[in-house]
Every structure is written in structure tokens, then in C-alpha cells.
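Report on one structure; see the data block that follows.
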Amino acid sequence: MMASRGYWLLIGGLTFLTFVLFVLSLALGPAGIAFGESLSALFSGDGGPIVLIMQEIRLPRAILGLLTGATLGLSGAVLQGFLRNPLAEPGLVGISSSASLGAVLAIYTGFSAAFPLGLPLAALAGALIAVIVVQALAGSGGVLTVILAGVAVSSFASAMTSLALNLSPNPFAALEIMFWMLGSLADRSMTHVWLATPFILAGWLMLASLGRSLDALTLGADAAASMGVDLNRTRRFAILGTALSVGAATAVAGAIGFVGLVIPHILRPLTGGLQSRLLPASALGGASMILAADILVRFVAPGRDLKLGVLTAIVGAPFFLWLVWKSRRDLL
Amino acid sequence: MSGPLLDIAGLDVDLGGTSVVRGLSLSVKTGEFVGLIGPNGAGKSTLLRAIAGLIPVGGTVSVAGERLDRLGTTERALRLAYVPQEHEIAWPVPVETLVALGRTPHRSSFTPLSSRDRQTVKDAMVRMDVARFAKRPATALSGGEKARVLIARALAQDTPLILADEPAAGLDPAYQIALMRVFRDLAGEGRGIIASMHDLGLSARWCTRLVLLNGGKIVADGPPEAVLTPETLRSIYGVSGFFGTAEDGLVVQPLDLVERR
Amino acid sequence: MTNRANHRGKGAALAAFLACALLSAIPAWADTKPARVVSINLCTDQLAMLIAGKGQLLSVSAIARDPQSSAMVKEAEGFPVNHGQAEEIFLQKPDLVLAGVYTTRATVGLLKELNIRVEQFAPETSFDDVKASMRRMGVLLGQEMRAEELVGQIDAELDRLKRLPRSGKLAALYYANSYTSGSGTLAHAALEAAGLENLAARLGIQGTASIPLEALVLAMPDVVVAGDRDYKPPALAQENFVHPAFRALIEHSGEVAMPVRNTVCGGPFTLAAVHMLRAAAGQELVAR
């Protein structure tokens, strides 16, 4: 409360960074359109190729980058706060890969072709099962239990995803394992934005309402309950909010790891360790990270459709190892 | 205030199929500093958690005449504060921020701390002598410092009833006595304190009333001199003791193990 | 210890048995036509079916009967199929196995170790490649005449097409997964032969690679040549065809579907693709 000015500076800075990256994401692309021309095409009504590119290709891509990144940052912060576990993250604890499995089953059986909402709903169901499993195990064990449960959940979900894709008679299905495990925003459309946004926003609302409760949970479940935190409501909102937002984001962008781990950790010292302040900062930080990664994949290896998860893993995996090394005494 | 501050009637607690507290009834008035004593496994922590509404119970628990099971979680938190035995602090939160968490039930969502909130937080920090490290991350403190910070957090909750599970554990003698003084002062200001304790000497000297628990039942209840006798020490704790008086207070010092009778 | 020795003994016995079986199976192929030919690659399947004499070809790969990949499904129905497994091929006692260069490496290695003659064909990336492959197949199967006849037909048709006017229209090849074929591909050769300009080649793409949808939209090609899209069940790979930007593009450019099977391997059917492309560009197939 005392560091208020610094905090608002941080939020302001992150908002600005996210905005800049969002605009860059709109302005940069293989088609090489001039900056001013590209932005004015966003608001133009004529059906020329540049307008088409801006409104139907780059805009949905940038919006999805923003939504997905914010979802991962926010849900990572919530999971860490709720489980009081610095290593919790939708990717590591298997929520993303379970959501992928749900989405894969919906798409490759033809279910989502007949019933488009089936895609986010199936991903949500997959995510929901994973969160419930992980949080049930978290209650009884320490930091390591959650991570081990996550390893099991995510290996199983990935294996089932591969199985479903390998069994699909579609000759391309097997190649798409990469998309579902590493995520990509290439050539996504407004259809995906409309499909995912309502679920993502509903999830955000639930997660964002948890700030105060998570603050109190810093002192443990009993202390939090004695301070007026409704633990059942908190649990319900954390589980459902994560499942909704991560499920819908994964359904349209695939599973992207480590964002939810790295971002809250970088931002926690800057937000005074208070979860209610960390949540909006993490959402903005996550959005910046995904937007930046998505800009990079377009230039590091153009034409190769580099997956987003590759970049986030290059940053995230060493970070994860460093965290484990740093806290190994507490873990064992 | 007419009735008792805390009124417990026919309290039953089952944990994992075993009955831990059976048919317990207890009344605590404002101004009382109750020491909850008893051997390990007597049900002290369970009783405190039951009063705090953290575990499902049979029977009724009322604070200032209102049944807790009919109150919402925030309403409950405005009536009683609880300090758990474990000193859990998950994130490196600055001490003053941590103490301010005690104001949670007093604030609606998304409102900043009021000047009254700030004053209460400040008073609590001063009372527990932690204002010196207000800006330090709580996770970087020593065990005793953490314990005091967590008690300050409960004081900041500003409730008529305060429950504390082993609050004196891990404190050096000076801070133990300081804590006892704080609790006594708070009682003097018209609050009720219930603290579970293992240090019989401390509880004998500072509590206004002792409740001796054994096997989930109250076996003795009253002023320290009435509860702590060579007889109860031997039969309940299985130890002999030195009893004396110093500076107008009871002195109890357990001496050696004896055969329980 | 005894156990292991035992196993080794059995292994040696098996090897000896296999060697005997082999020796009896191998005729003197050096100077006569191979009589028991097995093909385990889609492209060699089709070349062999075109060139082999009656009874010479024992089996083709299962994919030769897949209408999405194979241009000669009907012909393939007349042959038994194999699945490219070393064991089943060995049991057919072939005197020549036809394989691709890149696929089924392990199988090819194993067959060679078993002293079976394996001939590998590289994918064709031009009509010259196609003709060379045909001639080589002719030599291998001892059917040089038949091969020359096919090469002659292709040359004649390419010559005829070359004399027709070139439209020079810009065409974009766009397959599932946003892939396209740039220079150095058979599909590119087909576009050229049809008198069209290949967008991917203009953008500097070599071989088969993915093309960003926005590059496609920006170029506004005259014709979009879309590959097969109705693979069942659905996969993300076909989502590029329902992208709103793509749909807006084909509303402008028009779309022609060209089955991938006509250009994935070379053969007379590749010329059919050229005819299709010419027609799509609004050009006559015969000179006036």
C-alpha cells in the first residue's frame, strides 16, 4: 500500500509495453506493408488486399496473442497464489496439455465441425479435469507433489493427444501434434477470436475477483478463512476461471508453456509480494511476452512456422531450472 | 454487553472418524485472558479451530449472542481473529503489508486502506514491536519475529475475540512476557483472548483463567491457582512440580516425571 | 550363460537358413529381366505399373490404392499390396525391390543386408526427371522399348504445349497446411508447362514450403490452385481453406482444385494436371 506510486508506474509501463507490442504485431508481417498504411487499413472499409490482411489476418493474430498471453500470465499468478506453490503454472501442471487433448478430440472427431462451440467447451472440460486433479493433490502434499502430479497429467494428456492424432486417418493430423504441444498463432482468424473470447473473458472475471482472497491465502488456508475468505468460493473460482480461460486459449492457440511461470516470478518482487497487485501485472506481462514471442517467430524463421512454445521454452526452461536450484532445499 | 462474549454449548468434533472433542461447553466473558492448557493431543488446537469455524462441528458456538454457523465468513471474521500454530508466509510480503491483511474483513473489494485501517495497522505493529522492520519482507525474518508479525496481523483484525494457537512458542523470554502483557492489556480493554499454551509457568502467571483440556473434555476450569495443583499436574501431565508465589503471582515449574495415577 | 550361447546358436542357424533360402531365391538377374519385382514407394509403384511386363510386378505399396495420393488407383487394384515391411517383402522372394530415396530407409537397409537387390528412385522435380526415371525403370525392368514409348509421348505433348500461347497469368499453389510449391518442384514444372507464372517461385520459395496467408492475399494472384482439402476427418491442416481472408481472396481470384496426386509423382498423369491448369486459366488446350 505504501509503494503505490511505484506500482502504478509498473502497471502503466506494462500497459504501454503491451500496447506497443500489440501495434508492432499489427504492423509487422511477411507482406511488408508500410506502417501508416497498415494501421489505416485497419479502419478502412474497402476490400483491398491490405485491408483484408490487416482486418482478417493480423488483427485476429494480435488479439489472440494478447488474450492468450494475458490468460497464461494471469492464470499462472492465480495458480501460484492459490496453491501457494512457486512452481505452479498451467503448462507445468498439465492444464494446457489436457485442454489440448480436449480440443484435439473435438476437432479430429468432427464434433467441432458440426458444433463449433464444442471446441472451446471440450478444451475447457480437459482443463477442468486437470485443475481438479492437481488441486486435489496439492491439498495433501508439498510443492513437489503438485509438480509430480503435473508431470503425470501432462505426459498422459500429451500421449493421448498423440494417440488421437496418430489414429486419425487424416494424413496431416500426425503433424499437428506440434501445434497442440507448442502452440502457434499463425493464420488464425476472427472466427477463432469470437469462439474463444467469451470464455476467456468469463475466466478472467473469475480470476481477477480472487485478488484479496489470494492475498489472505499468503498466510495459509486457516488464517485466510479466519480473515473472512470463503475458501470454497475461492477454490471454485480459481478452478473454473483457470479452466475457462486456459481451456479457450489453448483451443485456438495450442499449449504454450512457461509464460505463467516466468512472468509472475519476474513481477512478484515489483508488486510487493501481494497477489492482488500481481494479477493485473502478470496479465499484462504475459500478454507482452506472447506478443513479443509471436513477433519473433515471424522473423527468426519466416516460412518455417516456428511454434510459440519453442521460444517460451527457450526462456522458460532455464528459468524453471534456476528456480528449482534456488529452492531445492525447500522442495526436498 | 449482557451475555458472555463466547458461548460454546455441546460441542462435538470428529476428525477422520475419531471423536476429538466431546460435548464440550464453555463460556468466556469480555476481559478474560483464557489459557487453554493440556497435554499433547488433548484437543487444544482442534478446539480453537472449531471455535474459529474452520472445521465442521456439532453443537453451537456463539459470539456476542450470535451463532457463528449462521454468519457469513466476513461477519465471522469481524468477530474473531485466529492465529494458527504454523508460521506460514508464502510470499516475500513486506511486514506492514502483511499486518494490513488483518484489515481484509473491514474493507470492501478494490478499496484502498482507510486512515482508520492505517492507524489500526500501525498500532498493532507498535504493540508487537515489529514497526522497526515494517518494510522488510516477512519471509526474511527470524522465527520469533515472524510469530510476532503474525500476531500483529491478528490484532489488526480488531476483533472482540482473539484465538491464538501456541502464540508464545518460539519467542524468547522477554517477548513471551511482552506478548502476555499485550494479551492482558487487550483483555483489560474489553476483549476476550483464548490462547493455547504449553508453558505452565507463563500461563499460571499471566492468564486470568485457565481451561485444562484432556481427551477432548474440560477437566478443570478456573483461576490458575485452582486449576494448576500438584494433583492435576500429576494426574493429567504425569509430572511433579514446584509451586510457589513470587511478586503476587503463582509460580509453577514442572520438575520430573511421575507415575500417573 | 548357457542360455545366451543357446540363443546365439539359434541365431546362427536362422542366418544359415535365411542364406540358403536366399540363394535358392536369387536367379541370375544380371543378364535376364527381373521376374519378381516388388515396389514399396508410391512413385516407383506408378512407374512400374506403367512399364513392367505382364506378371513381372509382384506387388505395389498400399498407398497406390489411396485415391488421395495415387493417380493410378484403378491399375493398382490389379496388384497385391505390401506395407513396406521388410519381413513381408522378404517372404515374397523378390529379385528386385523398387524404393524411394527418402522413405523406408530402415526397410531398404535391412533388405540390402539380406542380399536383395534394391533400386532407389529420387523424387522427380521436373519433366526431365520424370523422363529419366522412366528410362531408368525401363532398363531395370528390361522394358526399354515401353519406357521410350512413354517418354516419346510426354515429349510430344510438352512440345505441343510449348507452341501454344502462354497466358503468363499469376497462379498460386496453395495446399493444406498453407504449403505451396516453389521452383524445383514438379508442380512448378506443371504450372510452367501450362503457361502460368508460379507465385511461390516469384517470392523466391524453393521446393515445398509454407507460405503466409498474407503473402498470398497481398499478391492477389489471378488463379488460386488449391490442393485437396476434403481429407476426412477434419484437421487443422485444412483450416487455411476456410480462413475468411482466403475465402475473400478466391472470391476475387477464382479457385481451381488440382488433386495433389497428379504432381506428387511424375507420369503421364502430370500432363493431365497441366491440361487442367491451362483450362483453369481460361486457355484452350489445342492450337487454333
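How things are named: the first chain in the C-alpha cells is A, the next is B, and so on; residues count from 1 in each chain; ligands count from 1 in the order shown.
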Per-residue nearest contacts chain B to chain A, cut-off 10 Å, using only C-alpha atoms, as JSON lines:
```
{"residue": "B:Arg49", "atom": "CA", "partner": "A:Asp222", "partner_atom": "CA", "distance": 8.2}
{"residue": "B:Ala52", "atom": "CA", "partner": "A:Ser226", "partner_atom": "CA", "distance": 6.5}
{"residue": "B:Gly53", "atom": "CA", "partner": "A:Ser226", "partner_atom": "CA", "distance": 7.8}
{"residue": "B:Leu54", "atom": "CA", "partner": "A:Asp222", "partner_atom": "CA", "distance": 6.6}
{"residue": "B:Ile55", "atom": "CA", "partner": "A:Asp222", "partner_atom": "CA", "distance": 9.6}
{"residue": "B:Gly72", "atom": "CA", "partner": "A:Gly228", "partner_atom": "CA", "distance": 8.1}
{"residue": "B:Thr73", "atom": "CA", "partner": "A:Gly228", "partner_atom": "CA", "distance": 4.5}
{"residue": "B:Thr74", "atom": "CA", "partner": "A:Gly228", "partner_atom": "CA", "distance": 4.1}
{"residue": "B:Glu75", "atom": "CA", "partner": "A:Gly228", "partner_atom": "CA", "distance": 7.3}
{"residue": "B:Arg76", "atom": "CA", "partner": "A:Gly228", "partner_atom": "CA", "distance": 6.8}
{"residue": "B:Ala77", "atom": "CA", "partner": "A:Gly228", "partner_atom": "CA", "distance": 4.9}
{"residue": "B:Leu78", "atom": "CA", "partner": "A:Gly228", "partner_atom": "CA", "distance": 7.9}
{"residue": "B:Arg79", "atom": "CA", "partner": "A:Ser226", "partner_atom": "CA", "distance": 9.8}
{"residue": "B:Leu80", "atom": "CA", "partner": "A:Ser226", "partner_atom": "CA", "distance": 7.6}
{"residue": "B:Ala81", "atom": "CA", "partner": "A:Ser226", "partner_atom": "CA", "distance": 6.2}
{"residue": "B:Tyr82", "atom": "CA", "partner": "A:Ser226", "partner_atom": "CA", "distance": 5.9}
{"residue": "B:Val83", "atom": "CA", "partner": "A:Ala223", "partner_atom": "CA", "distance": 6.6}
{"residue": "B:Pro84", "atom": "CA", "partner": "A:Ala223", "partner_atom": "CA", "distance": 6.4}
{"residue": "B:Gln85", "atom": "CA", "partner": "A:Ala223", "partner_atom": "CA", "distance": 9.9}
{"residue": "B:Glu86", "atom": "CA", "partner": "A:Gly220", "partner_atom": "CA", "distance": 8.7}
{"residue": "B:His87", "atom": "CA", "partner": "A:Leu219", "partner_atom": "CA", "distance": 7.7}
{"residue": "B:Glu88", "atom": "CA", "partner": "A:Leu219", "partner_atom": "CA", "distance": 5.2}
{"residue": "B:Ile89", "atom": "CA", "partner": "A:Leu219", "partner_atom": "CA", "distance": 4.9}
{"residue": "B:Ala90", "atom": "CA", "partner": "A:Thr218", "partner_atom": "CA", "distance": 5.0}
{"residue": "B:Trp91", "atom": "CA", "partner": "A:Gly273", "partner_atom": "CA", "distance": 5.6}
{"residue": "B:Pro92", "atom": "CA", "partner": "A:Gly273", "partner_atom": "CA", "distance": 5.4}
{"residue": "B:Val93", "atom": "CA", "partner": "A:Gly273", "partner_atom": "CA", "distance": 4.7}
{"residue": "B:Pro94", "atom": "CA", "partner": "A:Gly272", "partner_atom": "CA", "distance": 6.7}
{"residue": "B:Glu96", "atom": "CA", "partner": "A:Met1", "partner_atom": "CA", "distance": 8.7}
{"residue": "B:Thr97", "atom": "CA", "partner": "A:Met1", "partner_atom": "CA", "distance": 6.8}
{"residue": "B:Leu98", "atom": "CA", "partner": "A:Leu219", "partner_atom": "CA", "distance": 8.6}
{"residue": "B:Ala100", "atom": "CA", "partner": "A:Met1", "partner_atom": "CA", "distance": 8.8}
{"residue": "B:Leu101", "atom": "CA", "partner": "A:Ala216", "partner_atom": "CA", "distance": 6.3}
{"residue": "B:Gly102", "atom": "CA", "partner": "A:Met227", "partner_atom": "CA", "distance": 6.7}
{"residue": "B:Arg103", "atom": "CA", "partner": "A:Met227", "partner_atom": "CA", "distance": 8.1}
{"residue": "B:Thr104", "atom": "CA", "partner": "A:Met227", "partner_atom": "CA", "distance": 6.3}
{"residue": "B:Pro105", "atom": "CA", "partner": "A:Gly228", "partner_atom": "CA", "distance": 5.6}
{"residue": "B:His106", "atom": "CA", "partner": "A:Gly228", "partner_atom": "CA", "distance": 9.4}
{"residue": "B:Arg107", "atom": "CA", "partner": "A:Arg212", "partner_atom": "CA", "distance": 9.9}
{"residue": "B:Ser108", "atom": "CA", "partner": "A:Arg212", "partner_atom": "CA", "distance": 9.5}
{"residue": "B:Ser109", "atom": "CA", "partner": "A:Arg212", "partner_atom": "CA", "distance": 7.2}
{"residue": "B:Phe110", "atom": "CA", "partner": "A:Arg212", "partner_atom": "CA", "distance": 8.4}
{"residue": "B:Pro112", "atom": "CA", "partner": "A:Met1", "partner_atom": "CA", "distance": 7.8}
{"residue": "B:Leu113", "atom": "CA", "partner": "A:Met1", "partner_atom": "CA", "distance": 7.6}
{"residue": "B:Arg118", "atom": "CA", "partner": "A:Met1", "partner_atom": "CA", "distance": 9.7}
{"residue": "B:Lys135", "atom": "CA", "partner": "A:Met2", "partner_atom": "CA", "distance": 9.2}
{"residue": "B:Pro137", "atom": "CA", "partner": "A:Gly272", "partner_atom": "CA", "distance": 8.5}
{"residue": "B:Leu150", "atom": "CA", "partner": "A:Leu219", "partner_atom": "CA", "distance": 8.5}
{"residue": "B:Arg153", "atom": "CA", "partner": "A:Met227", "partner_atom": "CA", "distance": 10.0}
{"residue": "B:Ala154", "atom": "CA", "partner": "A:Met227", "partner_atom": "CA", "distance": 8.7}
{"residue": "B:Gln157", "atom": "CA", "partner": "A:Met227", "partner_atom": "CA", "distance": 7.7}
{"residue": "B:Leu163", "atom": "CA", "partner": "A:Ser226", "partner_atom": "CA", "distance": 10.0}
```
Extract the full set of strand (DSSP E) residues from stretch 59-176 of chain C according to DSSP on the backbone, and format it as a list in words.
->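 Filtering stretch 59-176 of chain C to strand (DSSP E) leaves Ser59, Val60, Ser61, Val81, Asn82, Leu96, Val97, Leu98, Ala99, Gly100, Val118, Glu119, Gln120, Phe121, Leu170, Ala171, Ala172, Leu173 and Tyr174 of chain C.
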Residues of chain C within 7 Å of chain A, counting only C-alpha atoms, as a count of residues only | 18
May I ask which of the residues A:Gly102, A:Pro198, A:Pro60, A:Gly13 is the closest one to A:Ala164, counting only C-alpha atoms?
->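 Between A:Gly102, A:Pro198, A:Pro60, A:Gly13, the residue approaching A:Ala164 most closely is A:Gly102.
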Near B:Thr18, within 12 Å and counting only C-alpha atoms, which residues show up once chain neighbours fewer than 5 positions away are dropped, as a PyMOL selection string?
-> chain B and resi 12-13+43+215-216
Save out the residues we just selected, C-alpha atoms, as a PDB file, in the first residue's frame.
```pdb
ATOM      1  CA  ASP B  12     -18.577 -32.255  19.236  1.00  0.00           C
ATOM      2  CA  VAL B  13     -15.725 -32.518  16.748  1.00  0.00           C
ATOM      3  CA  GLY B  43      -7.674 -31.271  21.603  1.00  0.00           C
ATOM      4  CA  GLY B 215      -9.102 -36.258  25.957  1.00  0.00           C
ATOM      5  CA  GLY B 216     -11.306 -33.645  24.332  1.00  0.00           C
TER       6      GLY B 216
END
```
Would you list, as an MDAnalysis selection string, the residues of stretch 29-228 of chain B that end up in helix (DSSP H, G or I) under DSSP run on this structure's backbone?
-> chainID B and resid 44:51 68:70 73:79 95:106 115:127 131:133 138:140 143:156 173:188 200:206 224:227
Could you name the residues that touch A:Ser245 at 12 Å or less, counting only C-alpha atoms, but leaving out those on the same chain fewer than 4 positions away, as a ChimeraX atom specification?
-> /A:67-76,78,90,95-96,99,120-121,123-125,127-128,195-208,237-241,249-253,283
Which one of A:Leu323, A:Leu101, A:Leu24, A:Met181 sits closest to A:Thr161 if you count only C-alpha atoms?
->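 Comparing A:Leu323, A:Leu101, A:Leu24, A:Met181 against A:Thr161, the winner is A:Leu101.
Every protein, DNA or RNA residue with an atom at most 12 Å from B:Arg67, where only C-alpha atoms count and chain neighbours fewer than 2 positions away do not, is listed here: Leu5, Leu6, Asp7, Ile8, Ala9, Ile51, Ala52, Gly53, Gly59, Thr60, Val61, Ser62, Val63, Ala64, Gly65, Asp69, Arg70, Leu71, Gly72, Glu75, Arg76 and Arg79 of chain B.
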Between C:Glu192, C:Ser69, C:Val118, C:Gly267, which has the minimum distance to C:Ala48 (counting only C-alpha atoms)?
-> C:Gly267
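Atom CA of B:Val121 is positioned 6.3 Å from atom CA of B:Val99.
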Please provide as a PDB file with C-alpha atoms, in the first residue's frame all residues within 12 Å of C:Gln153, with the sequence filter that same-chain residues fewer than 6 positions apart are discarded (counting only C-alpha atoms).
```pdb
ATOM      1  CA  LYS C 131      11.693 -38.936 -68.341  1.00  0.00           C
ATOM      2  CA  MET C 134      11.069 -43.724 -66.868  1.00  0.00           C
ATOM      3  CA  ARG C 146       7.966 -49.457 -73.384  1.00  0.00           C
ATOM      4  CA  ALA C 147       9.800 -46.738 -71.474  1.00  0.00           C
ATOM      5  CA  ASP C 159       6.323 -29.800 -77.438  1.00  0.00           C
ATOM      6  CA  ARG C 160       2.741 -29.275 -78.444  1.00  0.00           C
ATOM      7  CA  GLY C 267       3.964 -39.660 -65.037  1.00  0.00           C
ATOM      8  CA  PRO C 268       1.569 -39.140 -67.920  1.00  0.00           C
ATOM      9  CA  PHE C 269      -0.977 -38.034 -65.310  1.00  0.00           C
ATOM     10  CA  LEU C 271       0.294 -33.805 -68.110  1.00  0.00           C
TER      11      LEU C 271
END
```
Got a sec: who's within 8 Å of C:Asp45, counting only C-alpha atoms, leaving out chain neighbours fewer than 2 positions off, as JSON, numbers by chain?
-> {"C": [39, 40, 41, 42, 43, 47, 48, 49, 60, 61, 64, 98]}
Would you save the residues of that selection, restricted to C-alpha atoms, as a CSV table (one decimal), in the first residue's frame?
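Result saved to part06.csv:
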```csv
chain,number,residue,atom,x,y,z
C,39,SER,CA,7.7,-51.8,-55.3
C,40,ILE,CA,7.4,-50.1,-51.9
C,41,ASN,CA,7.1,-46.5,-52.9
C,42,LEU,CA,4.2,-44.6,-54.4
C,43,CYS,CA,6.2,-43.1,-57.3
C,47,LEU,CA,6.3,-46.1,-62.9
C,48,ALA,CA,6.5,-49.8,-62.5
C,49,MET,CA,2.8,-50.3,-63.3
C,60,VAL,CA,2.8,-52.4,-55.1
C,61,SER,CA,2.6,-50.4,-51.9
C,64,ALA,CA,-1.0,-46.9,-54.6
C,98,LEU,CA,11.9,-50.6,-56.0
```
Between atom CA of B:Ile151 and atom CA of B:Asp129, distance in Å (one decimal) | 10.7 Å
Could you jot down the atom CA of C:Leu96 to atom CA of C:Arg117 separation for me, Å, one decimal place?
->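 If I compute the distance from atom CA of C:Leu96 to atom CA of C:Arg117, I get 5.1 Å.
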